[in-house]
$ cat start_0.txt   # compact mmCIF, C-alpha atoms
# COMPACT_ATOMS: atom_id res chain seq x y z
CA MET A 1 84.79 -27.91 15.21
CA GLN A 2 82.71 -29.39 12.38
CA ARG A 3 80.17 -31.97 13.53
CA VAL A 4 78.07 -34.64 11.88
CA LYS A 5 74.69 -34.13 13.45
CA THR A 6 72.53 -37.14 14.17
CA GLY A 7 69.40 -34.96 14.18
CA ILE A 8 68.16 -37.07 17.11
CA LYS A 9 66.47 -34.99 19.73
CA GLY A 10 68.72 -34.74 22.79
CA LEU A 11 71.58 -36.86 21.41
CA ASP A 12 73.43 -34.10 19.56
CA GLU A 13 73.38 -32.06 22.75
CA MET A 14 74.96 -34.99 24.63
CA LEU A 15 77.60 -35.23 21.87
CA HIS A 16 78.23 -31.46 22.06
CA GLY A 17 76.93 -31.00 18.52
CA GLY A 18 77.24 -34.44 16.93
CA PHE A 19 79.83 -37.02 15.90
CA LEU A 20 83.16 -35.92 14.51
CA PRO A 21 83.45 -36.33 10.72
CA GLN A 22 84.92 -39.57 9.32
CA THR A 23 84.73 -41.39 12.62
CA ALA A 24 83.47 -44.80 13.72
CA ASN A 25 80.77 -44.59 16.37
CA LEU A 26 79.69 -47.69 18.22
CA VAL A 27 76.17 -48.13 19.57
CA GLU A 28 75.93 -51.12 21.87
CA GLY A 29 72.84 -52.54 23.48
CA ALA A 30 70.65 -55.54 24.18
CA PRO A 31 68.07 -56.72 21.62
CA GLY A 32 65.23 -54.23 21.26
CA THR A 33 66.98 -51.31 22.93
CA GLY A 34 66.93 -49.31 19.68
CA LYS A 35 70.42 -49.67 18.16
CA THR A 36 69.16 -50.17 14.62
CA THR A 37 66.51 -47.46 15.03
CA LEU A 38 69.19 -45.02 16.17
CA GLY A 39 71.33 -45.98 13.18
CA MET A 40 68.47 -45.72 10.67
CA GLN A 41 67.52 -42.33 12.12
CA PHE A 42 71.13 -41.16 11.75
CA ILE A 43 71.01 -42.17 8.07
CA TYR A 44 67.49 -40.82 7.41
CA ASN A 45 68.16 -37.46 9.10
CA GLY A 46 71.47 -37.21 7.26
CA ILE A 47 69.71 -37.52 3.92
CA THR A 48 66.61 -35.44 4.62
CA LEU A 49 67.92 -32.77 7.01
CA TYR A 50 71.57 -32.37 6.07
CA ASP A 51 71.69 -33.51 2.42
CA GLU A 52 74.20 -36.26 3.19
CA PRO A 53 73.44 -39.48 1.28
CA GLY A 54 73.87 -42.69 3.23
CA ILE A 55 74.43 -46.43 3.04
CA ILE A 56 73.06 -49.14 5.29
CA LEU A 57 75.27 -52.22 5.30
CA THR A 58 73.48 -55.13 6.86
CA PHE A 59 74.89 -58.53 7.68
CA GLU A 60 72.11 -61.12 7.47
CA GLU A 61 69.11 -58.88 8.25
CA PHE A 62 67.11 -58.62 5.02
CA PRO A 63 66.83 -55.11 3.54
CA GLN A 64 63.06 -55.50 3.26
CA GLN A 65 63.01 -55.57 7.08
CA TYR A 66 64.63 -52.12 7.10
CA TYR A 67 62.12 -50.80 4.54
CA ARG A 68 59.28 -52.03 6.77
CA ASP A 69 60.75 -50.80 10.06
CA ALA A 70 61.58 -47.42 8.55
CA ALA A 71 58.09 -47.06 7.10
CA ALA A 72 56.67 -47.52 10.61
CA PHE A 73 58.44 -44.26 11.54
CA GLY A 74 57.26 -42.56 8.35
CA TRP A 75 60.67 -42.85 6.67
CA ASP A 76 60.31 -43.92 3.04
CA PHE A 77 63.59 -45.75 2.41
CA LYS A 78 62.41 -47.14 -0.93
CA ALA A 79 61.76 -43.64 -2.26
CA LEU A 80 65.19 -42.50 -1.04
CA GLU A 81 66.75 -45.48 -2.86
CA ARG A 82 64.92 -44.56 -6.06
CA GLU A 83 66.29 -41.02 -5.70
CA GLY A 84 69.80 -42.47 -5.35
CA ARG A 85 70.33 -40.99 -1.89
CA LEU A 86 70.23 -44.27 0.04
CA LYS A 87 71.34 -47.85 -0.56
CA VAL A 88 70.52 -50.73 1.74
CA ILE A 89 73.13 -53.39 1.03
CA MET A 90 73.01 -56.90 2.40
CA THR A 91 76.06 -59.09 2.37
CA SER A 92 77.99 -61.40 4.65
CA PRO A 93 80.85 -60.24 6.88
CA GLU A 94 83.43 -62.09 4.75
CA VAL A 95 82.22 -60.55 1.48
CA GLY A 96 81.79 -57.08 3.04
CA ARG A 97 85.32 -57.18 4.37
CA LEU A 98 86.83 -58.40 1.09
CA ASP A 99 84.80 -55.82 -0.85
CA LEU A 100 86.09 -52.95 1.26
CA GLU A 101 89.69 -54.17 0.92
CA GLN A 102 89.42 -54.19 -2.90
CA VAL A 103 90.03 -51.19 -5.12
CA GLY A 104 86.76 -50.42 -6.91
CA GLY A 105 84.63 -52.64 -4.68
CA MET A 106 80.87 -52.28 -4.52
CA ILE A 107 80.83 -50.10 -1.39
CA GLU A 108 83.61 -47.85 -2.70
CA THR A 109 81.85 -47.49 -6.06
CA LEU A 110 78.47 -46.75 -4.47
CA THR A 111 80.01 -44.23 -2.07
CA ASN A 112 81.56 -42.37 -4.97
CA GLU A 113 78.49 -42.57 -7.22
CA MET A 114 76.05 -41.44 -4.52
CA GLY A 115 78.38 -39.04 -2.76
CA ALA A 116 77.60 -40.98 0.41
CA ARG A 117 78.76 -39.38 3.65
CA ARG A 118 77.22 -41.68 6.24
CA ILE A 119 77.02 -45.42 6.80
CA LEU A 120 75.23 -47.68 9.24
CA VAL A 121 76.87 -51.08 9.75
CA ASP A 122 74.36 -53.42 11.37
CA SER A 123 75.92 -55.15 13.10
CA LEU A 124 79.63 -55.21 13.77
CA SER A 125 79.10 -58.24 16.01
CA HIS A 126 78.94 -60.39 12.87
CA LEU A 127 82.65 -59.77 12.20
CA GLU A 128 83.25 -62.03 15.21
CA LYS A 129 82.25 -64.95 12.99
CA LEU A 130 85.38 -64.45 10.91
CA THR A 131 87.81 -65.61 13.58
CA ASP A 132 88.06 -67.03 17.08
CA ASP A 133 91.38 -65.30 17.69
CA PRO A 134 90.83 -62.00 19.60
CA VAL A 135 94.04 -60.50 18.21
CA GLU A 136 93.04 -61.27 14.63
CA LEU A 137 89.50 -60.01 15.31
CA ARG A 138 90.82 -56.69 16.52
CA ALA A 139 92.96 -56.41 13.36
CA ILE A 140 89.90 -57.19 11.19
CA GLN A 141 87.76 -54.61 13.03
CA TYR A 142 90.53 -52.02 12.80
CA SER A 143 91.01 -52.58 9.08
CA PHE A 144 87.23 -52.57 8.43
CA ILE A 145 86.76 -49.28 10.29
CA ASN A 146 89.75 -47.68 8.58
CA ALA A 147 88.33 -48.65 5.19
CA LEU A 148 85.08 -46.83 6.02
CA LYS A 149 87.03 -43.75 7.11
CA ARG A 150 89.13 -43.96 3.93
CA GLU A 151 85.91 -43.58 1.95
CA GLY A 152 85.15 -40.39 3.90
CA LEU A 153 82.22 -41.97 5.72
CA THR A 154 81.00 -41.22 9.22
CA ALA A 155 79.89 -44.57 10.55
CA VAL A 156 77.43 -45.78 13.13
CA LEU A 157 78.25 -49.37 14.02
CA THR A 158 75.85 -51.40 16.10
CA LYS A 159 76.92 -54.11 18.50
CA GLU A 160 74.73 -56.62 20.24
CA SER A 161 75.00 -56.99 23.97
CA PRO A 162 73.96 -60.40 25.31
CA ALA A 163 72.79 -59.11 28.71
CA LEU A 164 69.22 -57.81 28.83
CA LEU A 165 69.72 -55.94 32.09
CA GLY A 166 72.99 -54.59 33.43
CA ALA A 167 76.45 -54.76 31.93
CA ALA A 168 77.50 -57.64 29.69
CA GLU A 169 80.60 -59.53 30.69
CA SER A 170 82.79 -59.58 27.61
CA GLU A 171 86.15 -58.44 26.35
CA GLU A 172 85.39 -55.17 24.61
CA SER A 173 88.46 -54.71 22.42
CA ILE A 174 86.27 -52.88 19.90
CA ALA A 175 85.84 -50.05 22.43
CA PHE A 176 89.49 -49.12 21.87
CA VAL A 177 89.17 -49.13 18.09
CA VAL A 178 86.12 -46.86 17.73
CA ASP A 179 85.98 -43.09 18.18
CA SER A 180 82.81 -42.94 20.22
CA TYR A 181 80.91 -45.44 22.29
CA ILE A 182 77.22 -45.14 23.13
CA LEU A 183 75.58 -47.62 25.48
CA LEU A 184 71.86 -48.39 25.41
CA ARG A 185 70.48 -50.22 28.42
CA TYR A 186 67.24 -51.51 29.84
CA VAL A 187 66.60 -50.22 33.35
CA GLU A 188 64.02 -51.59 35.76
CA ILE A 189 62.41 -48.97 37.98
CA GLU A 190 59.43 -49.78 40.14
CA SER A 191 58.41 -52.81 38.08
CA ALA A 192 58.59 -50.96 34.76
CA ILE A 193 61.25 -51.15 32.06
CA HIS A 194 62.82 -47.87 30.97
CA LYS A 195 65.63 -47.26 28.51
CA ALA A 196 68.88 -45.49 29.33
CA LEU A 197 71.53 -43.97 27.06
CA LEU A 198 75.08 -43.12 28.04
CA VAL A 199 77.87 -41.62 25.93
CA LEU A 200 80.81 -43.53 27.33
CA LYS A 201 83.48 -42.07 25.07
CA LEU A 202 83.85 -39.41 22.38
CA ARG A 203 87.43 -39.23 21.19
CA GLY A 204 88.64 -35.67 20.55
CA SER A 205 85.72 -33.94 22.23
CA ASP A 206 83.95 -33.42 25.51
CA HIS A 207 80.49 -34.94 25.92
CA ALA A 208 77.67 -35.25 28.43
CA LYS A 209 78.50 -37.73 31.18
CA ASP A 210 75.04 -38.20 32.61
CA ILE A 211 72.77 -41.16 31.96
CA ARG A 212 69.66 -40.12 30.07
CA GLN A 213 66.30 -41.73 29.58
CA PHE A 214 65.16 -42.21 26.02
CA GLU A 215 62.06 -43.40 24.26
CA ILE A 216 61.32 -44.81 20.85
CA THR A 217 58.39 -42.68 19.71
CA SER A 218 56.39 -42.76 16.47
CA GLY A 219 59.00 -40.39 15.01
CA GLY A 220 62.08 -42.29 16.21
CA ILE A 221 64.36 -41.99 19.20
CA GLU A 222 64.01 -39.05 21.59
CA VAL A 223 66.57 -38.61 24.33
CA GLN A 224 65.04 -37.10 27.43
CA ALA A 225 66.16 -35.88 30.85
CA LYS A 226 68.70 -37.68 32.96
CA PHE A 227 67.59 -40.17 35.58
CA GLU A 228 67.07 -38.14 38.75
CA GLY A 229 67.50 -39.46 42.27
CA ARG A 230 68.68 -42.92 41.20
CA GLU A 231 72.01 -44.69 41.53
CA GLY A 232 73.36 -47.74 39.75
CA ILE A 233 71.38 -47.11 36.54
CA MET A 234 73.74 -49.11 34.33
CA SER A 235 73.41 -52.13 36.62
CA GLY A 236 69.90 -52.40 35.22
CA SER A 237 68.31 -52.31 38.69
CA PRO A 238 68.89 -48.84 40.11
CA ARG A 239 68.14 -47.86 43.67
CA LEU A 240 67.10 -44.52 45.10
CA SER A 241 70.00 -42.25 45.93
CA MET A 242 70.63 -41.71 49.65
CA ALA A 243 69.16 -38.20 49.53
CA ASP A 244 66.01 -39.38 47.74
CA SER A 245 65.60 -42.32 50.10
CA PHE A 246 65.73 -39.87 53.01
CA VAL A 247 63.19 -37.54 51.37
CA ARG A 248 60.86 -40.41 50.56
CA ALA A 249 61.12 -41.84 54.08
CA PHE A 250 60.85 -38.72 56.15
CA VAL A 251 59.68 -35.72 54.11
CA LYS A 252 57.19 -36.78 51.42
CA LYS A 253 54.14 -38.54 52.67
CA GLU A 254 53.10 -41.27 50.29
CA LYS A 255 49.41 -41.29 49.45
CA PRO A 256 47.74 -44.48 50.61
CA MET B 1 40.81 -78.76 -36.07
CA ALA B 2 42.10 -77.07 -32.92
CA THR B 3 42.70 -79.40 -29.97
CA SER B 4 42.18 -78.55 -26.31
CA ASP B 5 46.00 -78.50 -25.97
CA ASP B 6 46.23 -75.75 -28.59
CA PHE B 7 43.53 -73.82 -26.82
CA THR B 8 45.33 -74.13 -23.47
CA ALA B 9 48.65 -73.10 -25.04
CA ARG B 10 47.01 -70.04 -26.62
CA LEU B 11 45.39 -69.13 -23.33
CA MET B 12 48.61 -69.56 -21.38
CA ASN B 13 50.60 -67.53 -23.90
CA ASP B 14 48.22 -64.63 -23.43
CA MET B 15 50.53 -62.28 -21.60
CA ASP B 16 52.96 -59.46 -22.39
CA PRO B 17 55.46 -60.92 -24.93
CA ASP B 18 58.45 -59.65 -22.94
CA LEU B 19 57.15 -61.32 -19.79
CA LEU B 20 56.36 -64.50 -21.72
CA ASP B 21 59.93 -64.59 -22.99
CA PHE B 22 61.21 -63.83 -19.46
CA VAL B 23 59.24 -66.75 -18.01
CA LYS B 24 60.14 -69.17 -20.81
CA THR B 25 63.84 -68.37 -21.09
CA LYS B 26 65.00 -66.80 -17.82
CA VAL B 27 62.81 -67.59 -14.82
CA ASN B 28 62.09 -71.09 -16.07
CA THR B 29 62.36 -72.96 -12.76
CA PHE B 30 60.76 -72.47 -9.36
CA ILE B 31 64.15 -71.92 -7.69
CA LYS B 32 64.94 -69.14 -10.16
CA TRP B 33 61.53 -67.62 -9.46
CA ASP B 34 62.33 -67.63 -5.70
CA LEU B 35 65.77 -66.14 -6.32
CA VAL B 36 64.45 -63.40 -8.60
CA ARG B 37 61.79 -62.48 -6.05
CA PHE B 38 64.39 -62.44 -3.26
CA PHE B 39 66.74 -60.17 -5.20
CA HIS B 40 63.88 -57.93 -6.22
CA GLU B 41 62.86 -57.47 -2.58
CA ASN B 42 66.48 -57.07 -1.47
CA PRO B 43 67.98 -55.47 -4.59
CA ASN B 44 71.41 -54.52 -3.23
CA THR B 45 72.31 -57.93 -1.91
CA ALA B 46 75.71 -59.29 -2.91
CA ASP B 47 76.86 -62.57 -1.50
CA THR B 48 78.32 -66.03 -1.99
CA VAL B 49 76.23 -68.95 -3.21
CA GLU B 50 76.37 -70.52 0.26
CA ASN B 51 74.86 -67.45 1.91
CA ILE B 52 72.30 -66.88 -0.85
CA ALA B 53 71.19 -70.50 -0.48
CA ARG B 54 70.81 -69.92 3.27
CA TYR B 55 68.79 -66.72 2.68
CA ALA B 56 66.54 -68.65 0.29
CA GLY B 57 66.25 -71.59 2.69
CA ARG B 58 67.58 -74.04 0.10
CA ASN B 59 70.72 -76.10 -0.31
CA VAL B 60 73.79 -74.95 -2.20
CA THR B 61 73.74 -77.78 -4.72
CA ALA B 62 70.26 -76.77 -5.82
CA VAL B 63 70.92 -73.03 -5.91
CA GLU B 64 74.34 -72.82 -7.56
CA PRO B 65 73.43 -74.02 -11.11
CA GLU B 66 70.29 -71.85 -11.06
CA LEU B 67 72.27 -68.78 -10.06
CA ASN B 68 74.78 -69.46 -12.82
CA GLU B 69 71.99 -69.75 -15.38
CA LEU B 70 70.55 -66.46 -14.17
CA VAL B 71 74.00 -64.95 -14.70
CA GLU B 72 74.15 -66.40 -18.24
CA SER B 73 70.73 -64.96 -19.04
CA GLY B 74 71.72 -61.53 -17.75
CA VAL B 75 69.39 -61.39 -14.73
CA MET B 76 72.25 -61.69 -12.23
CA GLU B 77 75.87 -60.60 -12.21
CA ILE B 78 78.91 -62.35 -10.84
CA ARG B 79 82.24 -60.93 -9.73
CA HIS B 80 85.14 -62.46 -7.89
CA LEU B 81 86.59 -61.25 -4.59
CA ASP B 82 89.82 -63.13 -3.86
CA GLU B 83 88.52 -65.82 -6.24
CA ILE B 84 85.26 -66.15 -4.26
CA PRO B 85 82.27 -65.76 -6.63
CA VAL B 86 79.85 -63.09 -5.40
CA TYR B 87 76.39 -62.83 -6.98
CA SER B 88 74.15 -59.79 -7.22
CA LEU B 89 71.19 -58.61 -9.25
CA THR B 90 72.17 -57.08 -12.59
CA THR B 91 72.68 -53.33 -12.67
CA ASP B 92 71.25 -53.24 -16.21
CA GLU B 93 68.23 -50.93 -16.00
CA SER B 94 66.17 -52.64 -18.72
CA MET B 95 66.59 -56.06 -17.11
CA ARG B 96 65.73 -54.64 -13.67
CA ARG B 97 62.58 -53.15 -15.25
CA ILE B 98 61.52 -56.57 -16.59
CA VAL B 99 62.16 -58.13 -13.16
CA GLU B 100 60.03 -55.39 -11.60
CA GLU B 101 57.23 -56.00 -14.14
CA PHE B 102 57.41 -59.76 -13.58
CA ILE B 103 57.12 -59.42 -9.79
CA ARG B 104 54.24 -56.94 -10.17
CA ALA B 105 52.49 -59.26 -12.62
CA CYS B 106 52.85 -62.14 -10.13
CA GLU B 107 50.44 -60.32 -7.82
CA ASP B 108 47.74 -61.41 -10.29
CA ARG B 109 46.58 -65.01 -9.76
CA HIS B 110 45.86 -65.58 -13.46
CA PHE B 111 49.39 -64.51 -14.37
CA ARG B 112 50.83 -66.81 -11.72
CA VAL B 113 48.86 -69.76 -13.10
CA LYS B 114 50.20 -69.06 -16.59
CA ALA B 115 53.78 -68.70 -15.30
CA VAL B 116 53.51 -71.98 -13.38
CA TYR B 117 52.16 -73.69 -16.54
CA HIS B 118 55.17 -72.56 -18.59
CA ILE B 119 57.64 -73.56 -15.89
CA ILE B 120 56.15 -77.04 -15.58
CA ARG B 121 56.06 -77.48 -19.37
CA GLY B 122 59.68 -76.36 -19.56
CA MET B 123 60.68 -78.93 -16.94
CA ARG B 124 59.24 -81.87 -18.95
$ encode --input "start_0.txt" --output "structure tokens"
Amino acid sequence: MQRVKTGIKGLDEMLHGGFLPQTANLVEGAPGTGKTTLGMQFIYNGITLYDEPGIILTFEEFPQQYYRDAAAFGWDFKALEREGRLKVIMTSPEVGRLDLEQVGGMIETLTNEMGARRILVDSLSHLEKLTDDPVELRAIQYSFINALKREGLTAVLTKESPALLGAAESEESIAFVVDSYILLRYVEIESAIHKALLVLKLRGSDHAKDIRQFEITSGGIEVQAKFEGREGIMSGSPRLSMADSFVRAFVKKEKP
Amino acid sequence: MATSDDFTARLMNDMDPDLLDFVKTKVNTFIKWDLVRFFHENPNTADTVENIARYAGRNVTAVEPELNELVESGVMEIRHLDEIPVYSLTTDESMRRIVEEFIRACEDRHFRVKAVYHIIRGMR
């Protein structure tokens, strides 16, 4: 099956090769977990490794912030824009939605002109400003995502999670609308904060079910090995598994 | 006999003629200057006047007429989505080049002083 590779070390393996083409892929996490970095890396790798031009659609975050953040990883977004292989568009949720609904809107025109194949929408949470009615919100999200698919785009959509540690308590209707769902979480282990990544869902394909550690390095996100010997990772405060507790208590002698 | 005003005017007009025209006829207020700089830094922004005013940290009443004048002078473009006016920087390459040159020139303090002089004179 054809895949849209993220080019992110360790993530494509978890996704059994990458996202499926023309799908909407949600990345949810607390502030600072790396949602936008993951999305920018998906776009940057698409352009530079796989010759797939991309669009970044931002609601309220200024494009110059993306240029700066990308430059910190050595990704020259301004140069890619000059080459016509990237566009960082800022608009509001209401204008973005209306634009996508229109024939010949800005996003449709740019997609056709650039031959764009990928899009990062940062963040989908802003669509929640358009209505207080959950049924209407789901319809808006569904229509928005379908419009991106109509344009032949494979989308990474970020979503903010209010909880810093552990699972956020909210109605996640968006989880039913998207094709894949990646969770990024902070995890506290022995008084240090680590980051965890879990592929919760990948419609139409198998995927890794384990919870992996990841780091944001100078070159972007790197997904590493799974958390060993811990339980309750997604709670944010994992404990040692029973076997590891036994080993630590009776087998390994801790150095004083 | 040349007066000190003539001398100042000559000194302040000492810049690229295209940029002088741009300052005198297009970016002739401080709000327009802010808006042009914002759209230069964020060139693919397209939004309503309310949101642009928020991005610029100003009120809508102040921003709307300035945006419309920038549209009239060809620096900005306007289109309507469901009758909502949406503003964006012009796609015209030559105008974008002038905007680029203006912003680059503004890095020079002497140029900024001259631009401020023309804006203040224009406001009288």
$ atom_distance --input "start_0.txt" --atom1 "CA of Phe227 in chain A" --atom2 "CA of Leu183 in chain A"
14.9 Å
$ closest_residue --input "start_0.txt" --among "A:Met106, A:Leu11, A:Leu80, A:Gln2" --to "Asp210 in chain A" --atoms "all atoms listed in the file"
A:Leu11
$ interface_residues --input "start_0.txt" --of "chain A" --to "chain B" --cutoff "6 Å" --atoms "only C-alpha atoms" --output "number ranges by chain"
A: 63, 89-91
$ residues_around --input "start_0.txt" --residues "Thr48 in chain A" --least-positions-apart "4" --cutoff "12 Å" --atoms "all atoms listed in the file" --output "list in words"
Thr6, Gly7, Gln41, Phe42, Ile43, Tyr44, Glu52, Pro53, Gly54, Trp75, Asp76, Phe77, Ala79, Leu80, Glu83, Arg85 and Leu86 of chain A
$ closest_residue --input "start_0.txt" --among "B:Asp21, B:Arg121, B:Thr8, B:Lys32" --to "Pro65 in chain B" --atoms "all atoms listed in the file"
B:Lys32
$ closest_residue --input "start_0.txt" --among "A:Leu198, A:Val95, A:Thr131, A:Lys149" --to "Glu83 in chain B" --atoms "all atoms listed in the file"
A:Val95
$ closest_residue --input "start_0.txt" --among "B:Arg97, B:Lys24, B:Arg58, B:Arg10" --to "Ile120 in chain B" --atoms "only C-alpha atoms"
B:Lys24
$ closest_residue --input "start_0.txt" --among "A:Leu127, A:Val121, A:Ile211, A:Ile221" --to "Glu61 in chain A" --atoms "all atoms listed in the file"
A:Val121
$ atom_distance --input "start_0.txt" --atom1 "CA of Glu13 in chain A" --atom2 "CA of Ala208 in chain A"
7.8 Å
$ atom_distance --input "start_0.txt" --atom1 "CA of Asp16 in chain B" --atom2 "CA of His118 in chain B"
13.8 Å
$ residues_around --input "start_0.txt" --residues "His126 in chain A" --least-positions-apart "2" --cutoff "12 Å" --atoms "only C-alpha atoms" --output "JSON, numbers by chain"
{"A": [57, 58, 59, 60, 61, 91, 92, 93, 94, 95, 96, 97, 121, 122, 123, 124, 128, 129, 130, 131, 137, 140, 141, 157, 158, 159, 160]}
$ residues_near_point --input "start_0.txt" --point "(74.8, -69.0, -11.5)" --cutoff "12 Å" --atoms "all atoms listed in the file" --output "PyMOL selection string"
chain B and resi 26+31-32+35+48-50+52-53+60-79+85-89
$ residues_near_point --input "start_0.txt" --point "(57.8, -71.3, -19.3)" --cutoff "12 Å" --atoms "only C-alpha atoms" --output "ChimeraX atom specification"
/B:9,12-13,15,19-30,32-33,111-124
$ residues_around --input "start_0.txt" --residues "Glu28 in chain A" --least-positions-apart "5" --cutoff "12 Å" --atoms "all atoms listed in the file" --output "JSON, numbers by chain"
{"A": [33, 34, 35, 36, 38, 39, 122, 123, 124, 125, 156, 157, 158, 159, 160, 161, 162, 163, 164, 167, 168, 172, 174, 175, 178, 180, 181, 182, 183, 184, 185, 186, 196, 197, 198, 199, 200]}
$ closest_residue --input "start_0.txt" --among "A:Gly220, A:Gly84, A:Pro134, A:Gly204" --to "Leu110 in chain A" --atoms "only C-alpha atoms"
A:Gly84
